[in-house]
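Next comes data-v4.cif, a file with mmCIF, C-alpha atoms.
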```cif
data_run
loop_
_atom_site.group_PDB
_atom_site.id
_atom_site.type_symbol
_atom_site.label_atom_id
_atom_site.label_comp_id
_atom_site.auth_asym_id
_atom_site.auth_seq_id
_atom_site.Cartn_x
_atom_site.Cartn_y
_atom_site.Cartn_z
ATOM 1 C CA MET X 1 7.833 35.777 -10.677
ATOM 2 C CA ILE X 2 8.336 32.207 -11.885
ATOM 3 C CA GLU X 3 5.357 30.609 -13.600
ATOM 4 C CA ILE X 4 5.314 26.832 -13.093
ATOM 5 C CA PHE X 5 3.284 24.828 -15.596
ATOM 6 C CA PHE X 6 2.126 21.978 -13.392
ATOM 7 C CA SER X 7 0.278 18.682 -13.268
ATOM 8 C CA PRO X 8 0.251 16.384 -10.204
ATOM 9 C CA THR X 9 3.235 14.233 -11.206
ATOM 10 C CA ALA X 10 6.549 13.596 -9.472
ATOM 11 C CA ASN X 11 8.361 15.522 -12.209
ATOM 12 C CA CYS X 12 6.247 18.615 -11.570
ATOM 13 C CA GLN X 13 6.173 18.215 -7.799
ATOM 14 C CA ARG X 14 9.983 18.377 -7.517
ATOM 15 C CA VAL X 15 9.947 21.753 -9.302
ATOM 16 C CA LEU X 16 7.239 23.090 -7.000
ATOM 17 C CA LEU X 17 9.102 21.851 -3.913
ATOM 18 C CA ALA X 18 12.338 23.419 -5.139
ATOM 19 C CA ALA X 19 10.780 26.830 -5.720
ATOM 20 C CA ALA X 20 9.114 26.748 -2.299
ATOM 21 C CA LEU X 21 12.205 25.552 -0.400
ATOM 22 C CA MET X 22 14.360 28.122 -2.181
ATOM 23 C CA GLU X 23 11.840 30.837 -1.260
ATOM 24 C CA LEU X 24 11.534 31.998 -4.854
ATOM 25 C CA PRO X 25 8.359 33.819 -5.898
ATOM 26 C CA TYR X 26 6.248 31.527 -8.062
ATOM 27 C CA ARG X 27 2.782 31.024 -9.445
ATOM 28 C CA VAL X 28 1.351 27.636 -10.402
ATOM 29 C CA HIS X 29 -0.260 27.373 -13.811
ATOM 30 C CA PRO X 30 -2.242 24.088 -13.913
ATOM 31 C CA VAL X 31 -2.049 22.067 -17.127
ATOM 32 C CA ASP X 32 -4.926 19.612 -17.658
ATOM 33 C CA ARG X 33 -3.212 16.756 -19.458
ATOM 34 C CA ALA X 34 -6.414 14.720 -19.635
ATOM 35 C CA ALA X 35 -7.946 17.557 -21.673
ATOM 36 C CA GLY X 36 -4.849 17.748 -23.862
ATOM 37 C CA GLU X 37 -3.785 21.237 -22.778
ATOM 38 C CA GLN X 38 -0.122 20.223 -23.071
ATOM 39 C CA LYS X 39 -0.696 19.828 -26.818
ATOM 40 C CA SER X 40 -2.207 23.269 -27.337
ATOM 41 C CA ALA X 41 -0.393 25.734 -29.553
ATOM 42 C CA ALA X 42 0.135 28.041 -26.578
ATOM 43 C CA PHE X 43 1.870 25.354 -24.531
ATOM 44 C CA LEU X 44 3.856 23.931 -27.447
ATOM 45 C CA ALA X 45 5.390 27.386 -27.822
ATOM 46 C CA ILE X 46 6.748 26.897 -24.288
ATOM 47 C CA ASN X 47 7.739 23.227 -24.590
ATOM 48 C CA PRO X 48 7.552 21.612 -28.054
ATOM 49 C CA ALA X 49 7.852 18.196 -26.357
ATOM 50 C CA ALA X 50 4.301 18.690 -24.994
ATOM 51 C CA ALA X 51 5.315 17.700 -21.473
ATOM 52 C CA VAL X 52 5.195 19.266 -18.043
ATOM 53 C CA PRO X 53 6.837 20.677 -16.038
ATOM 54 C CA ALA X 54 7.960 23.855 -17.703
ATOM 55 C CA ILE X 55 8.689 27.271 -16.285
ATOM 56 C CA ILE X 56 8.820 30.869 -17.385
ATOM 57 C CA ASP X 57 10.971 33.048 -15.148
ATOM 58 C CA HIS X 58 9.598 36.521 -15.723
ATOM 59 C CA GLY X 59 12.252 37.891 -13.375
ATOM 60 C CA ALA X 60 15.013 37.099 -15.872
ATOM 61 C CA SER X 61 15.867 39.371 -18.782
ATOM 62 C CA PRO X 62 14.874 38.125 -21.251
ATOM 63 C CA PRO X 63 12.399 35.774 -19.531
ATOM 64 C CA MET X 64 13.821 32.281 -19.117
ATOM 65 C CA VAL X 65 11.689 29.506 -20.613
ATOM 66 C CA LEU X 66 12.786 26.047 -19.537
ATOM 67 C CA ALA X 67 11.507 22.453 -19.440
ATOM 68 C CA GLN X 68 12.805 19.152 -18.000
ATOM 69 C CA SER X 69 12.589 18.960 -14.214
ATOM 70 C CA GLY X 70 16.283 18.175 -13.701
ATOM 71 C CA ALA X 71 17.343 21.201 -15.750
ATOM 72 C CA ILE X 72 14.824 23.363 -13.902
ATOM 73 C CA LEU X 73 16.214 22.238 -10.526
ATOM 74 C CA LEU X 74 19.704 23.256 -11.635
ATOM 75 C CA TYR X 75 18.452 26.619 -12.861
ATOM 76 C CA LEU X 76 16.519 27.372 -9.669
ATOM 77 C CA ALA X 77 19.442 26.293 -7.473
ATOM 78 C CA GLU X 78 21.838 28.595 -9.290
ATOM 79 C CA LYS X 79 19.308 31.433 -9.305
ATOM 80 C CA SER X 80 18.717 31.153 -5.556
ATOM 81 C CA GLY X 81 22.226 30.111 -4.543
ATOM 82 C CA ARG X 82 20.758 27.257 -2.503
ATOM 83 C CA PHE X 83 20.905 23.437 -2.428
ATOM 84 C CA LEU X 84 23.818 23.157 -4.882
ATOM 85 C CA PRO X 85 27.436 23.910 -3.892
ATOM 86 C CA GLU X 86 29.073 26.518 -6.104
ATOM 87 C CA ALA X 87 32.225 24.532 -6.912
ATOM 88 C CA GLY X 88 34.514 21.694 -5.939
ATOM 89 C CA PRO X 89 33.965 18.026 -5.087
ATOM 90 C CA GLN X 90 30.728 18.679 -3.170
ATOM 91 C CA ARG X 91 29.135 20.222 -6.264
ATOM 92 C CA TYR X 92 29.994 17.199 -8.381
ATOM 93 C CA GLU X 93 28.823 14.775 -5.711
ATOM 94 C CA THR X 94 25.487 16.589 -5.684
ATOM 95 C CA LEU X 95 25.296 16.382 -9.470
ATOM 96 C CA HIS X 96 26.198 12.686 -9.300
ATOM 97 C CA TRP X 97 23.218 11.963 -7.054
ATOM 98 C CA LEU X 98 20.913 14.249 -9.030
ATOM 99 C CA MET X 99 21.728 12.284 -12.179
ATOM 100 C CA GLN X 100 21.371 8.996 -10.308
ATOM 101 C CA VAL X 101 17.856 10.001 -9.334
ATOM 102 C CA MET X 102 16.819 11.429 -12.686
ATOM 103 C CA THR X 103 18.430 8.822 -14.962
ATOM 104 C CA ASP X 104 17.940 5.646 -12.925
ATOM 105 C CA VAL X 105 15.427 5.970 -10.077
ATOM 106 C CA ASN X 106 12.968 8.312 -11.783
ATOM 107 C CA ALA X 107 13.086 6.460 -15.096
ATOM 108 C CA ALA X 108 12.540 3.085 -13.425
ATOM 109 C CA ALA X 109 9.721 4.498 -11.317
ATOM 110 C CA SER X 110 7.985 5.901 -14.399
ATOM 111 C CA LEU X 111 8.196 2.553 -16.193
ATOM 112 C CA GLY X 112 6.938 0.775 -13.080
ATOM 113 C CA PHE X 113 3.962 3.115 -12.879
ATOM 114 C CA MET X 114 3.109 2.540 -16.534
ATOM 115 C CA ALA X 115 3.385 -1.215 -16.023
ATOM 116 C CA ARG X 116 1.009 -1.137 -13.039
ATOM 117 C CA GLN X 117 -1.463 1.031 -14.946
ATOM 118 C CA GLY X 118 -1.456 -1.268 -17.971
ATOM 119 C CA ILE X 119 -0.096 1.482 -20.213
ATOM 120 C CA VAL X 120 2.643 -0.745 -21.662
ATOM 121 C CA PRO X 121 0.917 -2.958 -24.283
ATOM 122 C CA GLY X 122 1.475 -6.703 -24.204
ATOM 123 C CA LEU X 123 3.286 -6.677 -20.859
ATOM 124 C CA ASP X 124 3.072 -10.011 -19.009
ATOM 125 C CA ASP X 125 3.851 -10.888 -15.381
ATOM 126 C CA ALA X 126 7.514 -11.421 -16.174
ATOM 127 C CA GLY X 127 7.718 -7.960 -17.711
ATOM 128 C CA ARG X 128 6.030 -6.348 -14.723
ATOM 129 C CA GLY X 129 8.414 -8.220 -12.439
ATOM 130 C CA PHE X 130 11.375 -6.880 -14.416
ATOM 131 C CA PHE X 131 10.239 -3.293 -13.877
ATOM 132 C CA ARG X 132 9.645 -3.898 -10.162
ATOM 133 C CA GLU X 133 13.111 -5.413 -9.745
ATOM 134 C CA ARG X 134 14.746 -2.579 -11.676
ATOM 135 C CA LEU X 135 13.194 0.055 -9.405
ATOM 136 C CA ALA X 136 14.078 -2.001 -6.314
ATOM 137 C CA ARG X 137 17.712 -2.157 -7.425
ATOM 138 C CA PHE X 138 17.994 1.598 -7.803
ATOM 139 C CA LEU X 139 16.140 2.288 -4.557
ATOM 140 C CA ALA X 140 18.610 -0.035 -2.825
ATOM 141 C CA VAL X 141 21.463 2.190 -4.054
ATOM 142 C CA CYS X 142 19.836 5.182 -2.340
ATOM 143 C CA GLU X 143 19.117 3.106 0.764
ATOM 144 C CA ALA X 144 22.796 2.164 1.041
ATOM 145 C CA ARG X 145 23.918 5.742 0.577
ATOM 146 C CA LEU X 146 21.540 7.056 3.231
ATOM 147 C CA ALA X 147 22.795 4.451 5.700
ATOM 148 C CA THR X 148 26.019 6.464 5.900
ATOM 149 C CA SER X 149 24.780 9.992 5.196
ATOM 150 C CA SER X 150 21.834 12.140 6.268
ATOM 151 C CA TYR X 151 21.285 13.181 2.654
ATOM 152 C CA LEU X 152 22.220 11.887 -0.784
ATOM 153 C CA ALA X 153 25.068 14.409 -0.927
ATOM 154 C CA ASP X 154 26.825 15.946 2.077
ATOM 155 C CA GLU X 155 23.892 18.252 2.824
ATOM 156 C CA LEU X 156 20.294 18.782 1.735
ATOM 157 C CA SER X 157 20.417 19.396 -2.009
ATOM 158 C CA ILE X 158 18.515 19.314 -5.267
ATOM 159 C CA ALA X 159 19.278 15.579 -5.389
ATOM 160 C CA ASP X 160 17.057 15.036 -2.332
ATOM 161 C CA ILE X 161 14.418 17.369 -3.754
ATOM 162 C CA ALA X 162 14.453 15.308 -6.962
ATOM 163 C CA LEU X 163 14.054 11.978 -5.150
ATOM 164 C CA TYR X 164 11.406 12.851 -2.572
ATOM 165 C CA PRO X 165 8.370 13.027 -4.950
ATOM 166 C CA VAL X 166 9.306 9.636 -6.407
ATOM 167 C CA ILE X 167 9.320 8.123 -2.933
ATOM 168 C CA VAL X 168 5.954 9.698 -2.126
ATOM 169 C CA SER X 169 4.352 8.383 -5.311
ATOM 170 C CA HIS X 170 5.771 4.861 -4.827
ATOM 171 C CA TRP X 171 5.485 4.690 -1.038
ATOM 172 C CA LYS X 172 2.890 1.930 -1.075
ATOM 173 C CA ALA X 173 3.695 0.229 -4.385
ATOM 174 C CA ALA X 174 7.360 -0.238 -3.428
ATOM 175 C CA ASP X 175 6.548 -0.805 0.275
ATOM 176 C CA ILE X 176 9.065 1.890 1.222
ATOM 177 C CA GLY X 177 8.311 1.852 4.944
ATOM 178 C CA ALA X 178 9.100 -1.856 5.356
ATOM 179 C CA ALA X 179 11.538 -2.607 2.551
ATOM 180 C CA TYR X 180 13.679 0.539 2.844
ATOM 181 C CA PRO X 181 13.700 1.705 6.473
ATOM 182 C CA THR X 182 16.615 4.104 5.999
ATOM 183 C CA LEU X 183 15.000 5.660 2.956
ATOM 184 C CA ALA X 184 11.760 5.954 4.946
ATOM 185 C CA ARG X 185 13.583 7.752 7.767
ATOM 186 C CA TRP X 186 15.139 10.133 5.253
ATOM 187 C CA ALA X 187 11.729 10.789 3.650
ATOM 188 C CA HIS X 188 10.171 11.686 7.011
ATOM 189 C CA GLY X 189 13.033 14.110 7.570
ATOM 190 C CA ILE X 190 12.440 15.747 4.176
ATOM 191 C CA GLN X 191 8.715 15.947 4.911
ATOM 192 C CA ALA X 192 9.497 17.904 8.088
ATOM 193 C CA THR X 193 11.583 20.451 6.162
ATOM 194 C CA GLY X 194 10.058 23.874 5.539
ATOM 195 C CA PRO X 195 6.864 23.793 3.446
ATOM 196 C CA VAL X 196 7.250 20.185 2.223
ATOM 197 C CA ALA X 197 4.550 18.658 4.463
ATOM 198 C CA ALA X 198 2.013 21.223 3.279
ATOM 199 C CA LEU X 199 2.857 20.731 -0.394
ATOM 200 C CA LEU X 200 3.528 16.981 -0.623
ATOM 201 C CA PRO X 201 3.029 14.873 2.529
ATOM 202 C CA LEU X 202 3.906 11.216 2.719
ATOM 203 C CA PRO X 203 0.972 8.791 2.486
ATOM 204 C CA GLY X 204 -0.622 8.120 5.854
#
```
structure tokens encoding of this file:
Amino acid sequence: MIEIFFSPTANCQRVLLAAALMELPYRVHPVDRAAGEQKSAAFLAINPAAAVPAIIDHGASPPMVLAQSGAILLYLAEKSGRFLPEAGPQRYETLHWLMQVMTDVNAAASLGFMARQGIVPGLDDAGRGFFRERLARFLAVCEARLATSSYLADELSIADIALYPVIVSHWKAADIGAAYPTLARWAHGIQATGPVAALLPLPG
């Protein structure tokens, strides 16, 4: 059994989607960040960075304790043997797109969210515009890739699983449906895959 320490964020949602799509046994352990549960001594023993997601795989010997959603996706893919080629160029292409999502798209999306929520102190309109343009630039890279491929890599992979929650959370703010029609088509295809619609549907 894999215990997933979870809050409703894109970083946590990609881990939940991965476990479900890979048909791994899991249990969700909610972490109330507003109440500061991520800073409790019990949670800090799991992830000293005081951030979700984190997992404990009780099926491993010894149990595997892991944080960082990208690292968790890699671990789950290798554990299940799914959504990550074992070797060769296809594996590295998948890793390329996973890192593109995690390093560029996800980071820009997080900064954009903080800018919209007023979390970044002293940010003016020019600063907010910078964050919007940065996210748009990285989304355009994915849009161009998906114009020539059904998925970010050659087949459905952890790169797509990593990107999908970001698209859901920024669907309206980034006007995905109108500004990125190919990305929108891809997202509807991911939504129709396995348990995704039940766990994380696109905004209506």
Measure the distance from atom CA of X:Pro30 to atom CA of X:Ile55 in Å and round it to one decimal.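 Pair atom CA of X:Pro30 / atom CA of X:Ile55 returns 11.6 Å.
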Run through the PyMOL selection byres ((chain X and resi 58) around 12) on the given coordinates and return the selected residues as a list in words.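 This file gives the following for the PyMOL selection byres ((chain X and resi 58) around 12): Met1, Ile2, Glu3, Ile4, Leu24, Pro25, Tyr26, Arg27, Ile55, Ile56, Asp57, Gly59, Ala60, Ser61, Pro62, Pro63, Met64, Val65 and Leu66 of chain X.
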Please, could you write that set of residues out with C-alpha atoms as a PDB file, keeping the file's coordinate frame?
```pdb
ATOM      1  CA  MET X   1       7.833  35.777 -10.677  1.00  0.00           C
ATOM      2  CA  ILE X   2       8.336  32.207 -11.885  1.00  0.00           C
ATOM      3  CA  GLU X   3       5.357  30.609 -13.600  1.00  0.00           C
ATOM      4  CA  ILE X   4       5.314  26.832 -13.093  1.00  0.00           C
ATOM      5  CA  LEU X  24      11.534  31.998  -4.854  1.00  0.00           C
ATOM      6  CA  PRO X  25       8.359  33.819  -5.898  1.00  0.00           C
ATOM      7  CA  TYR X  26       6.248  31.527  -8.062  1.00  0.00           C
ATOM      8  CA  ARG X  27       2.782  31.024  -9.445  1.00  0.00           C
ATOM      9  CA  ILE X  55       8.689  27.271 -16.285  1.00  0.00           C
ATOM     10  CA  ILE X  56       8.820  30.869 -17.385  1.00  0.00           C
ATOM     11  CA  ASP X  57      10.971  33.048 -15.148  1.00  0.00           C
ATOM     12  CA  GLY X  59      12.252  37.891 -13.375  1.00  0.00           C
ATOM     13  CA  ALA X  60      15.013  37.099 -15.872  1.00  0.00           C
ATOM     14  CA  SER X  61      15.867  39.371 -18.782  1.00  0.00           C
ATOM     15  CA  PRO X  62      14.874  38.125 -21.251  1.00  0.00           C
ATOM     16  CA  PRO X  63      12.399  35.774 -19.531  1.00  0.00           C
ATOM     17  CA  MET X  64      13.821  32.281 -19.117  1.00  0.00           C
ATOM     18  CA  VAL X  65      11.689  29.506 -20.613  1.00  0.00           C
ATOM     19  CA  LEU X  66      12.786  26.047 -19.537  1.00  0.00           C
TER      20      LEU X  66
END
```
Can you translate the PyMOL selection byres ((chain X and resi 188) around 12) into the concrete residues it hits in this file, as a PyMOL selection string? chain X and resi 150+164+167-168+171+176-177+181-187+189-193+196-197+200-204
Can you build me a table of stretch 32-151 of chain X residues sitting at most 7 Å from stretch 9-18 of chain X, with the closest atom pair per residue and its distance in Å to one decimal, using only C-alpha atoms, sorted by chain and residue number, as CSV?
```
residue,atom,partner,partner_atom,distance
X:Val52,CA,X:Cys12,CA,6.6
X:Pro53,CA,X:Cys12,CA,5.0
X:Ser69,CA,X:Asn11,CA,5.8
X:Ile72,CA,X:Val15,CA,6.9
X:Leu73,CA,X:Val15,CA,6.4
```
Compile the contact shell of stretch 31-42 of chain X as a list in words: residues with an atom at most 8 Å away, counting only C-alpha atoms, same-chain residues fewer than 2 positions apart removed.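 Listed by chain and then number, they are Phe5, Phe6, Ser7, His29, Leu44, Ala45, Ile46, Ala50, Ala51 and Val52 of chain X.
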Limited to C-alpha atoms, could you put the picked residues into a file as a compact mmCIF listing (two decimals), keeping the file's coordinate frame?
```txt
# COMPACT_ATOMS: atom_id res chain seq x y z
CA PHE X 5 3.28 24.83 -15.60
CA PHE X 6 2.13 21.98 -13.39
CA SER X 7 0.28 18.68 -13.27
CA HIS X 29 -0.26 27.37 -13.81
CA LEU X 44 3.86 23.93 -27.45
CA ALA X 45 5.39 27.39 -27.82
CA ILE X 46 6.75 26.90 -24.29
CA ALA X 50 4.30 18.69 -24.99
CA ALA X 51 5.32 17.70 -21.47
CA VAL X 52 5.20 19.27 -18.04
```
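Atom pair atom CA of X:Ile158 / atom CA of X:Phe83 has a distance of 5.5 Å (rounded to one decimal).
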9 Å contact set for X:Leu163, only C-alpha atoms, chain neighbours under 6 positions out, as a list in words: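 Near neighbours after the sequence-gap exclusion: Ala10, Arg14, Leu98, Val101, Met102, Val105 and Asn106 of chain X.
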Please write the residues picked by the PyMOL selection byres ((chain X and resi 96) around 12) on this file as number ranges by chain. X: 84, 89-95, 97-104, 152-154, 157-160
Check the smallest atom-to-atom distance from each of X:Pro48, X:Ala19, X:Gly70, X:Phe43 to X:Ala162 using all atoms listed in the file, then report the winner.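 Of the candidates, the smallest distance to X:Ala162 is held by X:Gly70.
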Using all atoms listed in the file: which of X:Leu139, X:Pro165, X:Gln68, X:Ala147 has the shortest distance to X:Ala179: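 Looking only at the distances to X:Ala179, the closest residue turns out to be X:Leu139.
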Judged by all atoms listed in the file, the minimum distance to X:Ile161 among X:Leu76, X:Ala54, X:Leu111, X:Ala49 is found for X:Leu76
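In this structure, atom CA of X:Ala109 sits 14.0 Å away from atom CA of X:Val141.
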Taking all atoms of stretch 176-179 of chain X that appear in the file, build a box with edges along x, y and z, extend it by 3 Å on every side, and state its centre and edge lengths in Å to one decimal, as JSON.
```
{"center_x": 9.9, "center_y": -0.4, "center_z": 3.3, "size_x": 9.2, "size_y": 10.5, "size_z": 10.1}
```
